[in-house]
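Novice: Next up is a structure, given as structure tokens.
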Amino acid sequence: MKALATTALILGLVPICLCEDTNFAVTAITRTVEDSVSLHWRSETNAVYRIQFASELATNTTWETLYDNYPSHGATTFWTDQGDWVTNPEVLHPSKAQKRFYRIVKIGTNVAPPQVSIVFPTNGAVISGEVTVAMTATGAAPIATLALFVDGEEFESFSGDQTNVIINTCEWANGPHTLFAVAADATGIETTPSTNAVGAQYAASPYVTVLFSNYVSRFWFSEPRFEPELGETQHISAVFAADSDWTLTIRDVASNAVRTVTGTGTTMNFAWDGTGDGGSPLPIGLYDVEVFAMARPPANGSGPARPQRRRSYRVKGSPGTYGIAYQGHHPNPPIGSFTRPTNGLGGYVALDPNYQLPYGPIRRAGEIATKFAGAMDAGGWKPGFKLGNDSLRASHLRKPSKGGSSKFNEVNIGLLVGHGIRGTSGDFTIAANGPLQTYFPIWNTGQPNYDWVRFSECSFGSTNLRWMAIFACNILHDDNYQDMWDKLVLPINDDLHLLLSARTSVYMYPEFGRKWAQAMLGKEPGGVRTVREAWYYAGAKTQELANPTTNVVFRVAGWPACFNDKLLDYSTPDSGDPTAITIDDRQVYPQP
Amino acid sequence: MKLIIYFVVLVVAWLERAQAGEPSLERLGVPWRVGDATVQWNATLHDLPSSAAVYRVVSGEFSPVVLSNLLRLAHLSERNRVKPQWEGATERDLSFRDASETRILDLIPDDGYAILRNTKAIASPREPAKGVPDERQALKQAVAIASQLGITRDQLAKRAGSDDLRFTPILRERGAIDRKQGKLVKTVIARELFLVRALDRIPSIGMGGGGGMLLSFGNYGQLAELELTWRTVEDQVRYPVATKEQFLDWLKTGRCVCASDLFGEIQAITVKSITPYYLERAGGERQEEIHPITEIEADVVLETTNMPVRLYCPLVVYP
């Protein structure tokens, strides 16, 4: 059926030029793997075209405009029809149209077209996952709109000064693809045009040919939107680089998994009828779809699994839950024997020499955490738990396999305030290869000594916990971070979006927590900040600038897709490959 | 008789207006007293002025030229004006942003505060960092922007004994573990610096930067952030600077604060240097007066250890 429709469509193509251009000719008609139709024609430099279509040819054919003001690419030009679901009535994707006739009309010539180009990626680049395409456009008049085209299909058009756009390369087939940008300047769009107003000028950038390379490719939806109650079905498909175990998860706007499907093979095809796991129809709304695939072991059972790659999806959320924990009631040492953490070899871990001082009271720890809680409450977030001083136990931080409960994984955002101490010798209680650790000295009144929680005894991230903040010294110190990463014990799991902390010492200023919350909630001048930028903002507002003797550097680590997460507008992690974990540093207490 | 009483009341009211309160140092540290510990004074007071002003902060306005330049730097216009949304915003405050809230400019004229943000100017994790200016280029750009905002070099703090601007370079880096190299590889994604305001050639300090201007430059030198804290001030009253004996008395009686928590009893202290500053609050926070203070660098001997500390005391003697 699909092949028949395609044949009719191509046979039905009638290019017509409404000008006296004897050079005009359609040079090729091609079909993409998604059954979009590409029209190629010989063109005039600086010409501007309109692409129209009709479903039938008749004496008085009514031509509908599919795309207007499309600039020439030079001697030849191409454009790809993907339908238009925004118009009313919707123009179906060509694969669903029985037949479609096209005509290309030259509607003008540019006098002073803008200069437009793609600066990233560059020609010949091999790209994977989400990629930000960076464009530049300049002209005699300001640039009014800029659009990115992938293989001749308009991917996104935007106005203003935006010059970057993110594409998820998993949505296309692996292999070569052509990117170009189209710009229109603002000439002639005055409210009251002058008598001899010049029309807008259009230009297309040079082509950038890149290679998409993904484990999951052609992640595709048959419908941009669908109405199950009318019997419509959404076909979700993907292609894998190898025979894989795959899981498809459909989530509602609150990130709850409402439908999960699993399978094996080199492709995935799932027809979703709008029902959840129990078979009941799901309410009307927006749903995000995630596919997870992992290569199946060869028949003989050997061979490493391929890196995981996941589709990141964007979520418009609503206020959720937060959890706080703090300890500032540590007594002035000596307490008991005041030992250091054991190293698993019968001795003790060496700690950073700068921290041989006693780990005494932090007078403002509770204030930092509770002010954060107060601001989050005011922003409509609900407390999941508040654990302060003696009510915080080491087991709240440890993961279940280490005898704990991973308490923070119960909420959406967490803040832990307390001492952080950096080890400088291997800790063999964690792994046989003795990774360096950072430690939380958990103190409970009446106990003989600290209960040293190793950072690697934690596992942050869950279907609930997206952002975990640890306001303590040196938790993400360069040496310790790298060693934990190298030895595969970094406690950032696949579900955590971002871990926010510091790579140096920090100063405990009581307003820190409130500032962080306020900045995320948009209650500070400067607008709603990302979780990450708000962390830095709070740091800059509360760490001293007065003649410092040391730098304070805040560090955020996490999955790239999540770096611009806001509390109510965020993206799910885009990878399970540890090499993708990215760190971001901002000095908040600088050296003059 | 009635006339005489009125006269006395008026004089008292005038004196209260002229006198300034004392600086509020609690934000810089915890209250701290030397007590009976031995104090060794090795600092010189030669670099301190004989008197210093306490400034009153008055309501200000951004001039049309400065406002126009800020809007131009933000790539915004009057059409982008919206109602301020932050906590405590007043009718005098101004807010501008584009539809996607990529570019934002918020102003609090009464505090001389402006914040400009362009969230697309710094490379995202999947983007390459390109054209990030070096420190020299960033400083040049920053001084040019300061000039557009009506700030001259004379109003900026200089390095001690030099005409060079006193500024704080701030690096923003991003990185990941490079599997081939087996190490954390970082890239500079933005160059920031903080130009420090000077009053009577004395630098401003304070939590969150004090007076001055933070600038951040991202890809191709685009202005990613500008945060201006430039309160309008008038000279209110001058007081004599404290003597060594008065500083010692303040240290002993607890009029100074310490930037660090100290654990254990102080047994001895050696004062190494003393530097004047003007204490300002973070940008956007209301402040009635700007007081001169001193930062004292000292070494302390505790029961269990020795450590360097920074102490903050008033600079002048208040009546």
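Note on naming: chains are A, B, ... as they come in the structure tokens, residues start from 1 per chain, ligands start from 1 in the order shown.
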Which chain A residues are at most 6 Å from chain B (counting only C-alpha atoms), as a list in words?

Specialist: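 Applying the cut-off to the listed atoms yields Val131, Thr132, Lys523, Glu524, Pro525, Gly526, Ala540, Lys541, Thr542, Glu544, Leu545, Ala546, Pro560, Thr582, Ile583, Asp584, Asp585, Arg586, Gln587 and Pro592 of chain A.
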
Novice: Could you dump the residues just selected with C-alpha atoms as an mmCIF file, in the first residue's frame?

Specialist:
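Below is the file part-v4.cif, written as the result:
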data_model
loop_
_atom_site.group_PDB
_atom_site.id
_atom_site.type_symbol
_atom_site.label_atom_id
_atom_site.label_comp_id
_atom_site.auth_asym_id
_atom_site.auth_seq_id
_atom_site.Cartn_x
_atom_site.Cartn_y
_atom_site.Cartn_z
ATOM 1 C CA VAL A 131 23.725 17.953 18.945
ATOM 2 C CA THR A 132 23.448 21.703 19.043
ATOM 3 C CA LYS A 523 12.108 34.998 42.717
ATOM 4 C CA GLU A 524 15.447 36.722 42.315
ATOM 5 C CA PRO A 525 16.145 39.397 39.683
ATOM 6 C CA GLY A 526 17.381 37.782 36.498
ATOM 7 C CA ALA A 540 28.374 33.891 44.117
ATOM 8 C CA LYS A 541 25.940 35.687 46.399
ATOM 9 C CA THR A 542 27.126 34.030 49.553
ATOM 10 C CA GLU A 544 33.095 35.927 50.221
ATOM 11 C CA LEU A 545 34.898 38.095 47.759
ATOM 12 C CA ALA A 546 36.929 39.915 50.371
ATOM 13 C CA PRO A 560 24.562 16.577 29.154
ATOM 14 C CA THR A 582 30.060 16.041 32.089
ATOM 15 C CA ILE A 583 31.294 18.401 34.760
ATOM 16 C CA ASP A 584 30.810 22.139 34.864
ATOM 17 C CA ASP A 585 32.843 24.418 37.157
ATOM 18 C CA ARG A 586 32.260 27.947 38.246
ATOM 19 C CA GLN A 587 34.529 29.813 40.561
ATOM 20 C CA PRO A 592 41.681 39.254 43.179
#

Novice: Select from stretch 427-551 of chain A everything DSSP, run on the backbone, classes as helix (DSSP H, G or I), then give the selection as an MDAnalysis selection string.

Specialist: chainID A and resid 455:457 478:486 512:521 531:542

Novice: Give me the residues near B:Trp41 as a ChimeraX atom specification, where near means some atom within 9 Å (using only C-alpha atoms) and where sequence neighbours in that chain fewer than 4 positions away do not count.

Specialist: /B:244,248,269-273

Novice: Can you pull out every residue within 7 Å of stretch 140-152 of chain B, counting only C-alpha atoms, but drop anything in the same chain fewer than 6 positions away, and send it as a PyMOL selection string?

Specialist: chain B and resi 66+69+215

Novice: So, with only C-alpha atoms as the atoms that count, which of B:Ile290, B:Ile266, B:Ala37, B:Val316 lies closest to B:Pro49?

Specialist: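 Among the listed residues, the smallest separation from B:Pro49 belongs to B:Val316.
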
Novice: Choose the residue, out of A:Gln447, A:Thr233, A:Thr65, A:Ser280, that has the smallest atom-to-atom separation from A:Arg50; count only C-alpha atoms.

Specialist: A:Thr65

Novice: Near A:Pro142, counting only C-alpha atoms, which residues have an atom at most 10 Å away, once you skip same-chain residues fewer than 4 positions from it, shown as a PDB file with N, CA and C atoms, in the first residue's frame?

Specialist:
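To be explicit, this is the file written out as out_16.pdb:
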ATOM      1  N   PRO A 114      20.923  38.177   2.951  1.00  0.00           N
ATOM      2  CA  PRO A 114      21.797  38.056   4.129  1.00  0.00           C
ATOM      3  C   PRO A 114      22.849  36.967   3.927  1.00  0.00           C
ATOM      4  N   ALA A 137      24.044  34.429  11.070  1.00  0.00           N
ATOM      5  CA  ALA A 137      23.367  35.113   9.974  1.00  0.00           C
ATOM      6  C   ALA A 137      23.527  36.617  10.177  1.00  0.00           C
ATOM      7  N   THR A 138      23.939  37.286   9.150  1.00  0.00           N
ATOM      8  CA  THR A 138      24.060  38.744   9.199  1.00  0.00           C
ATOM      9  C   THR A 138      23.525  39.303   7.894  1.00  0.00           C
ATOM     10  N   GLY A 160      14.134  36.288  16.144  1.00  0.00           N
ATOM     11  CA  GLY A 160      14.978  36.933  17.143  1.00  0.00           C
ATOM     12  C   GLY A 160      16.427  36.582  16.918  1.00  0.00           C
ATOM     13  N   ASP A 161      17.174  36.572  18.010  1.00  0.00           N
ATOM     14  CA  ASP A 161      18.622  36.370  17.897  1.00  0.00           C
ATOM     15  C   ASP A 161      19.044  34.923  18.115  1.00  0.00           C
ATOM     16  N   ALA A 184      15.989  34.960   6.821  1.00  0.00           N
ATOM     17  CA  ALA A 184      15.233  36.062   6.211  1.00  0.00           C
ATOM     18  C   ALA A 184      15.510  37.303   7.031  1.00  0.00           C
ATOM     19  N   ASP A 185      15.773  38.403   6.350  1.00  0.00           N
ATOM     20  CA  ASP A 185      16.029  39.610   7.127  1.00  0.00           C
ATOM     21  C   ASP A 185      14.728  40.378   7.366  1.00  0.00           C
ATOM     22  N   ALA A 186      14.844  41.481   8.107  1.00  0.00           N
ATOM     23  CA  ALA A 186      13.649  42.206   8.552  1.00  0.00           C
ATOM     24  C   ALA A 186      13.284  43.345   7.626  1.00  0.00           C
ATOM     25  N   THR A 187      13.911  43.399   6.467  1.00  0.00           N
ATOM     26  CA  THR A 187      13.591  44.488   5.542  1.00  0.00           C
ATOM     27  C   THR A 187      12.113  44.438   5.190  1.00  0.00           C
TER      28      THR A 187
END

Novice: Counting only C-alpha atoms, what is within 7 Å of B:Pro109, bar same-chain residues fewer than 4 positions away, as a PDB file with C-alpha atoms, in the first residue's frame?

Specialist:
ATOM      1  CA  GLY B  60      18.775  56.703  42.115  1.00  0.00           C
ATOM      2  CA  GLU B  61      17.744  56.415  38.510  1.00  0.00           C
ATOM      3  CA  PHE B  62      19.446  54.892  35.519  1.00  0.00           C
ATOM      4  CA  ASP B  93      11.770  48.493  39.112  1.00  0.00           C
ATOM      5  CA  TYR B 113      21.330  47.280  40.508  1.00  0.00           C
TER       6      TYR B 113
END

Novice: Need the shell around A:Trp63: protein/DNA/RNA residues with any atom at most 6 Å away, counting only C-alpha atoms. Skip same-chain ones fewer than 2 positions apart. Format as a compact mmCIF listing (two decimals) with C-alpha atoms, in the first residue's frame?

Specialist:
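Final file, part-v4.txt:
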# COMPACT_ATOMS: atom_id res chain seq x y z
CA GLN A 52 2.73 24.54 -3.98
CA PHE A 53 0.72 21.36 -4.23
CA ALA A 54 -2.59 20.04 -5.42

Novice: Just to confirm, what's the straight-line distance from atom CA of A:Asp277 to atom CA of A:Gly317 in Å (one decimal)?

Specialist: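 The value is 21.7 Å.
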
Novice: List every residue of stretch 160-342 of chain A that DSSP, applied to the backbone, labels as strand (DSSP E), and write the result as a VMD selection string.

Specialist: chain A and resid 164 to 168 175 to 185 202 to 204 208 to 212 216 to 221 234 to 251 257 to 272 288 to 295 309 to 310 314 to 316 321 to 326

Novice: How many Å lie between atom CA of A:Glu90 and atom CA of A:Glu232, rounded to one decimal?

Specialist: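 Separating atom CA of A:Glu90 from atom CA of A:Glu232 is a distance of 15.2 Å.
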
Novice: Which residue, A:Lys96, A:His477, A:His40, A:Lys382, has the smallest gap to A:Phe78 when you use only C-alpha atoms?

Specialist: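 Using only C-alpha atoms, A:Phe78 sits closest to A:His40.
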
Novice: For each of B:Arg56, B:Lys252, B:Lys180, B:Arg81, take the minimum atom-to-atom distance to B:Arg33, counting only C-alpha atoms, then give the residue where this is smallest.

Specialist: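 Using only C-alpha atoms, the shortest distance to B:Arg33 belongs to B:Lys252.
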
Novice: Which one is closest to A:Thr136: A:Phe471, A:Thr163, A:Phe554, A:Asn123? Count only C-alpha atoms.

Specialist: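 Smallest separation from A:Thr136 among the options: A:Thr163.
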